Amino acid sequence: MSGATVRATGIVTVVLAGLLASAYVLGRSLVPEQHTTTTGVASSTAGPHYADQPPSTEFPAAPGRALPDTSPDADPSAPDSGDDGPGPFGARTATGSARVALTFDDGPDPRWTPQVLALLSQYGVKATFCVVGENVESHPDLLRSIVAEGHTVCNHSWRHDVDLGKRSPETIRADLLRTNDAILAAAPDAHIAYYRQPGGAWTASVVSVCAELGLTPLHWNVDPSDWKAPGATTIEATVRTQTGPGAIVLMHDAGGDRSGTVAALQRLLPELLSRFELEPLPVDAP
């Protein structure tokens, strides 16, 4: 084979390799990206991921909470004195009785909300779902299931805007009303008595609009930070050790990978039921 032929063959080989590499890169760019979360579950990037939007550090955080009295002589029905005070800007942090309220934020989500609903139904537990307007609009059937199964619905803003409290009262009002409208469009019989500010980033403006709209500002006093997906064991341990009479427990059924929350809930429900009466927050909120 002549030198010219060898050089020509080499050039053709290089060109073909370049074309194949370009085709591979192009093909990869057309495939929806999948990412593995800390729990090892692959989830699509298509839906809202509120877990990527951590609670604000510019606003008053949830009040500190003392661990409940677990001594043999403790009265399990006695209200936890550490939770009687109001939360940021007077937001509600306790049920007002010895009963415990489980609350789930950021849904509804087509993957995780049905699993949470199934577990609650299995144990005969009613809870409170703080729903995001855009998710209600996308999944009205799930909102209808939440209402039909006797759970309480709470407004959680239209798009999980942590900075909503910094905006004008008109903007805040429009956001909450838009979310209420989406809830009522999906379930006309729903009674919306509560509003929970994303990130717990309460301001006087948000609370003022809540009062105007007849919504009780709803905070919490037990937070396992399940939005960080720390794993079922950590979530379970935090809820189990920090929940006392009157607690409002914050968990999530959307906004990211919630497999750890679902697994923890499966173990927590029978344990909590052995210690407390679990209730949905009443729709006739004070």
# chains A, B, ... in the order shown; residues from 1 in each chain; ligands from 1
call {"tool": "select_by_dssp", "arguments": {"residues": "range 43-276 of chain A", "states": "helix (DSSP H, G or I)", "output": "number ranges by chain"}}
result
A: 50-52, 81-83, 88-90, 112-122, 133-138, 140-148, 164-166, 169-186, 198-200, 204-213, 226-228, 232-242, 259-275
call {"tool": "residues_around", "arguments": {"residues": "Gly246 in chain A", "least_positions_apart": "4", "cutoff": "6 Å", "atoms": "only C-alpha atoms", "output": "PyMOL selection string"}}
result
chain A and resi 79+94-95+97-100
call {"tool": "atom_distance", "arguments": {"atom1": "CA of Gly256 in chain A", "atom2": "CA of Gly124 in chain A"}}
result
26.0 Å
call {"tool": "atom_distance", "arguments": {"atom1": "CA of Thr261 in chain A", "atom2": "CA of Trp227 in chain A"}}
result
8.8 Å
call {"tool": "closest_residue", "arguments": {"among": "A:Arg275, A:His252, A:Arg92, A:His139", "to": "Ala127 in chain A", "atoms": "only C-alpha atoms"}}
result
A:His252
call {"tool": "residues_around", "arguments": {"residues": "Ile172 in chain A", "least_positions_apart": "4", "cutoff": "9 Å", "atoms": "only C-alpha atoms", "output": "PDB file with all heavy atoms, in the first residue's frame"}}
result
ATOM      1  N   SER A 157     -49.141  28.663  48.885  1.00  0.00           N
ATOM      2  CA  SER A 157     -48.728  29.598  47.835  1.00  0.00           C
ATOM      3  C   SER A 157     -48.816  28.954  46.459  1.00  0.00           C
ATOM      4  O   SER A 157     -48.977  27.746  46.324  1.00  0.00           O
ATOM      5  CB  SER A 157     -47.317  30.170  48.071  1.00  0.00           C
ATOM      6  OG  SER A 157     -46.310  29.308  47.601  1.00  0.00           O
ATOM      7  N   LEU A 164     -42.067  35.381  49.064  1.00  0.00           N
ATOM      8  CA  LEU A 164     -43.373  36.000  48.851  1.00  0.00           C
ATOM      9  C   LEU A 164     -43.640  37.103  49.877  1.00  0.00           C
ATOM     10  O   LEU A 164     -44.234  38.139  49.555  1.00  0.00           O
ATOM     11  CB  LEU A 164     -44.477  34.942  48.922  1.00  0.00           C
ATOM     12  CG  LEU A 164     -45.896  35.432  48.637  1.00  0.00           C
ATOM     13  CD1 LEU A 164     -46.007  35.985  47.218  1.00  0.00           C
ATOM     14  CD2 LEU A 164     -46.908  34.295  48.860  1.00  0.00           C
ATOM     15  N   GLY A 165     -43.193  36.906  51.115  1.00  0.00           N
ATOM     16  CA  GLY A 165     -43.431  37.888  52.167  1.00  0.00           C
ATOM     17  C   GLY A 165     -42.763  39.225  51.931  1.00  0.00           C
ATOM     18  O   GLY A 165     -43.132  40.226  52.550  1.00  0.00           O
ATOM     19  N   LYS A 166     -41.777  39.272  51.035  1.00  0.00           N
ATOM     20  CA  LYS A 166     -41.097  40.526  50.723  1.00  0.00           C
ATOM     21  C   LYS A 166     -41.850  41.337  49.671  1.00  0.00           C
ATOM     22  O   LYS A 166     -41.514  42.481  49.410  1.00  0.00           O
ATOM     23  CB  LYS A 166     -39.690  40.243  50.197  1.00  0.00           C
ATOM     24  CG  LYS A 166     -38.757  39.572  51.187  1.00  0.00           C
ATOM     25  CD  LYS A 166     -37.410  39.317  50.518  1.00  0.00           C
ATOM     26  CE  LYS A 166     -36.424  38.654  51.452  1.00  0.00           C
ATOM     27  NZ  LYS A 166     -35.123  38.402  50.768  1.00  0.00           N
ATOM     28  N   ARG A 167     -42.847  40.728  49.051  1.00  0.00           N
ATOM     29  CA  ARG A 167     -43.529  41.385  47.950  1.00  0.00           C
ATOM     30  C   ARG A 167     -44.674  42.257  48.478  1.00  0.00           C
ATOM     31  O   ARG A 167     -44.994  42.254  49.657  1.00  0.00           O
ATOM     32  CB  ARG A 167     -43.996  40.334  46.951  1.00  0.00           C
ATOM     33  CG  ARG A 167     -42.875  39.350  46.600  1.00  0.00           C
ATOM     34  CD  ARG A 167     -43.128  38.507  45.393  1.00  0.00           C
ATOM     35  NE  ARG A 167     -42.153  37.428  45.287  1.00  0.00           N
ATOM     36  CZ  ARG A 167     -40.872  37.573  44.932  1.00  0.00           C
ATOM     37  NH1 ARG A 167     -40.400  38.770  44.657  1.00  0.00           N
ATOM     38  NH2 ARG A 167     -40.064  36.527  44.865  1.00  0.00           N
ATOM     39  N   SER A 168     -45.290  42.998  47.586  1.00  0.00           N
ATOM     40  CA  SER A 168     -46.349  43.915  47.996  1.00  0.00           C
ATOM     41  C   SER A 168     -47.560  43.147  48.500  1.00  0.00           C
ATOM     42  O   SER A 168     -47.784  41.984  48.107  1.00  0.00           O
ATOM     43  CB  SER A 168     -46.761  44.783  46.807  1.00  0.00           C
ATOM     44  OG  SER A 168     -47.437  43.995  45.837  1.00  0.00           O
ATOM     45  N   LEU A 176     -52.172  34.134  46.961  1.00  0.00           N
ATOM     46  CA  LEU A 176     -52.988  33.261  47.812  1.00  0.00           C
ATOM     47  C   LEU A 176     -54.357  33.012  47.202  1.00  0.00           C
ATOM     48  O   LEU A 176     -54.875  31.879  47.261  1.00  0.00           O
ATOM     49  CB  LEU A 176     -53.123  33.868  49.212  1.00  0.00           C
ATOM     50  CG  LEU A 176     -52.023  33.488  50.218  1.00  0.00           C
ATOM     51  CD1 LEU A 176     -50.630  33.871  49.717  1.00  0.00           C
ATOM     52  CD2 LEU A 176     -52.288  34.134  51.576  1.00  0.00           C
ATOM     53  N   LEU A 177     -54.953  34.045  46.607  1.00  0.00           N
ATOM     54  CA  LEU A 177     -56.263  33.874  45.989  1.00  0.00           C
ATOM     55  C   LEU A 177     -56.185  32.951  44.778  1.00  0.00           C
ATOM     56  O   LEU A 177     -57.091  32.140  44.536  1.00  0.00           O
ATOM     57  CB  LEU A 177     -56.838  35.229  45.581  1.00  0.00           C
ATOM     58  CG  LEU A 177     -57.338  36.107  46.731  1.00  0.00           C
ATOM     59  CD1 LEU A 177     -57.733  37.484  46.212  1.00  0.00           C
ATOM     60  CD2 LEU A 177     -58.521  35.448  47.451  1.00  0.00           C
ATOM     61  N   SER A 205     -46.566  41.377  56.511  1.00  0.00           N
ATOM     62  CA  SER A 205     -47.432  41.533  55.334  1.00  0.00           C
ATOM     63  C   SER A 205     -48.185  40.240  55.026  1.00  0.00           C
ATOM     64  O   SER A 205     -49.378  40.265  54.720  1.00  0.00           O
ATOM     65  CB  SER A 205     -46.598  41.952  54.117  1.00  0.00           C
ATOM     66  OG  SER A 205     -46.036  43.236  54.296  1.00  0.00           O
ATOM     67  N   VAL A 206     -47.481  39.111  55.078  1.00  0.00           N
ATOM     68  CA  VAL A 206     -48.131  37.819  54.810  1.00  0.00           C
ATOM     69  C   VAL A 206     -49.223  37.560  55.837  1.00  0.00           C
ATOM     70  O   VAL A 206     -50.346  37.170  55.495  1.00  0.00           O
ATOM     71  CB  VAL A 206     -47.096  36.673  54.812  1.00  0.00           C
ATOM     72  CG1 VAL A 206     -47.799  35.328  54.773  1.00  0.00           C
ATOM     73  CG2 VAL A 206     -46.156  36.792  53.630  1.00  0.00           C
ATOM     74  N   VAL A 209     -52.315  39.707  55.242  1.00  0.00           N
ATOM     75  CA  VAL A 209     -53.145  39.219  54.144  1.00  0.00           C
ATOM     76  C   VAL A 209     -53.915  37.970  54.566  1.00  0.00           C
ATOM     77  O   VAL A 209     -55.084  37.795  54.222  1.00  0.00           O
ATOM     78  CB  VAL A 209     -52.289  38.940  52.892  1.00  0.00           C
ATOM     79  CG1 VAL A 209     -53.115  38.237  51.817  1.00  0.00           C
ATOM     80  CG2 VAL A 209     -51.712  40.232  52.337  1.00  0.00           C
TER      81      VAL A 209
END
call {"tool": "closest_residue", "arguments": {"among": "A:Pro114, A:Gly133, A:Gly199, A:Pro282", "to": "Val262 in chain A", "atoms": "only C-alpha atoms"}}
result
A:Pro114
call {"tool": "closest_residue", "arguments": {"among": "A:Glu137, A:Glu277, A:Asp106, A:Asp223", "to": "Val125 in chain A", "atoms": "only C-alpha atoms"}}
result
A:Glu277
call {"tool": "closest_atom_pairs", "arguments": {"of": "range 195-285 of chain A", "to": "range 144-154 of chain A", "cutoff": "8 Å", "atoms": "only C-alpha atoms", "output": "tab-separated table"}}
result
residue	atom	partner	partner_atom	distance
A:Tyr195	CA	A:Cys154	CA	5.5
A:Arg196	CA	A:Cys154	CA	7.0
A:Pro280	CA	A:Thr152	CA	5.8
A:Leu281	CA	A:Thr152	CA	6.4
A:Pro282	CA	A:Thr152	CA	7.2
A:Val283	CA	A:Thr152	CA	6.7
call {"tool": "closest_residue", "arguments": {"among": "A:Arg267, A:Asp284, A:Ile248, A:Thr179", "to": "Phe104 in chain A", "atoms": "only C-alpha atoms"}}
result
A:Ile248
call {"tool": "select_by_dssp", "arguments": {"residues": "range 78-284 of chain A", "states": "strand (DSSP E)", "output": "PDB file with C-alpha atoms, in the first residue's frame"}}
result
ATOM      1  CA  ALA A 101     -51.224  16.918  63.672  1.00  0.00           C
ATOM      2  CA  LEU A 102     -49.201  15.498  60.791  1.00  0.00           C
ATOM      3  CA  THR A 103     -48.777  17.986  57.941  1.00  0.00           C
ATOM      4  CA  PHE A 104     -47.436  17.366  54.431  1.00  0.00           C
ATOM      5  CA  ASP A 105     -46.124  20.179  52.227  1.00  0.00           C
ATOM      6  CA  THR A 128     -53.263  18.223  56.774  1.00  0.00           C
ATOM      7  CA  PHE A 129     -51.909  18.808  53.256  1.00  0.00           C
ATOM      8  CA  CYS A 130     -50.324  22.185  52.494  1.00  0.00           C
ATOM      9  CA  VAL A 131     -50.648  22.290  48.720  1.00  0.00           C
ATOM     10  CA  THR A 152     -57.568  19.169  55.762  1.00  0.00           C
ATOM     11  CA  VAL A 153     -56.284  21.395  52.942  1.00  0.00           C
ATOM     12  CA  CYS A 154     -53.896  24.292  53.556  1.00  0.00           C
ATOM     13  CA  ASN A 155     -52.817  26.965  51.054  1.00  0.00           C
ATOM     14  CA  ILE A 192     -59.398  26.305  53.131  1.00  0.00           C
ATOM     15  CA  ALA A 193     -58.711  27.549  56.650  1.00  0.00           C
ATOM     16  CA  TYR A 194     -54.892  27.718  56.762  1.00  0.00           C
ATOM     17  CA  TYR A 195     -51.913  29.211  54.961  1.00  0.00           C
ATOM     18  CA  THR A 216     -54.847  30.994  59.934  1.00  0.00           C
ATOM     19  CA  PRO A 217     -51.042  31.210  59.563  1.00  0.00           C
ATOM     20  CA  ILE A 248     -47.586  20.005  64.567  1.00  0.00           C
ATOM     21  CA  VAL A 249     -45.193  17.846  62.540  1.00  0.00           C
ATOM     22  CA  LEU A 250     -43.769  19.112  59.243  1.00  0.00           C
ATOM     23  CA  MET A 251     -43.117  16.600  56.446  1.00  0.00           C
ATOM     24  CA  HIS A 252     -43.258  16.672  52.644  1.00  0.00           C
TER      25      HIS A 252
END
call {"tool": "atom_distance", "arguments": {"atom1": "CA of His160 in chain A", "atom2": "CA of Asn221 in chain A"}}
result
20.0 Å
call {"tool": "closest_residue", "arguments": {"among": "A:Val132, A:Leu184, A:Ala229, A:Leu218", "to": "Gly200 in chain A", "atoms": "only C-alpha atoms"}}
result
A:Leu218
call {"tool": "closest_residue", "arguments": {"among": "A:Ala254, A:Gln197, A:Leu215, A:Gly231", "to": "Asn180 in chain A", "atoms": "only C-alpha atoms"}}
result
A:Leu215
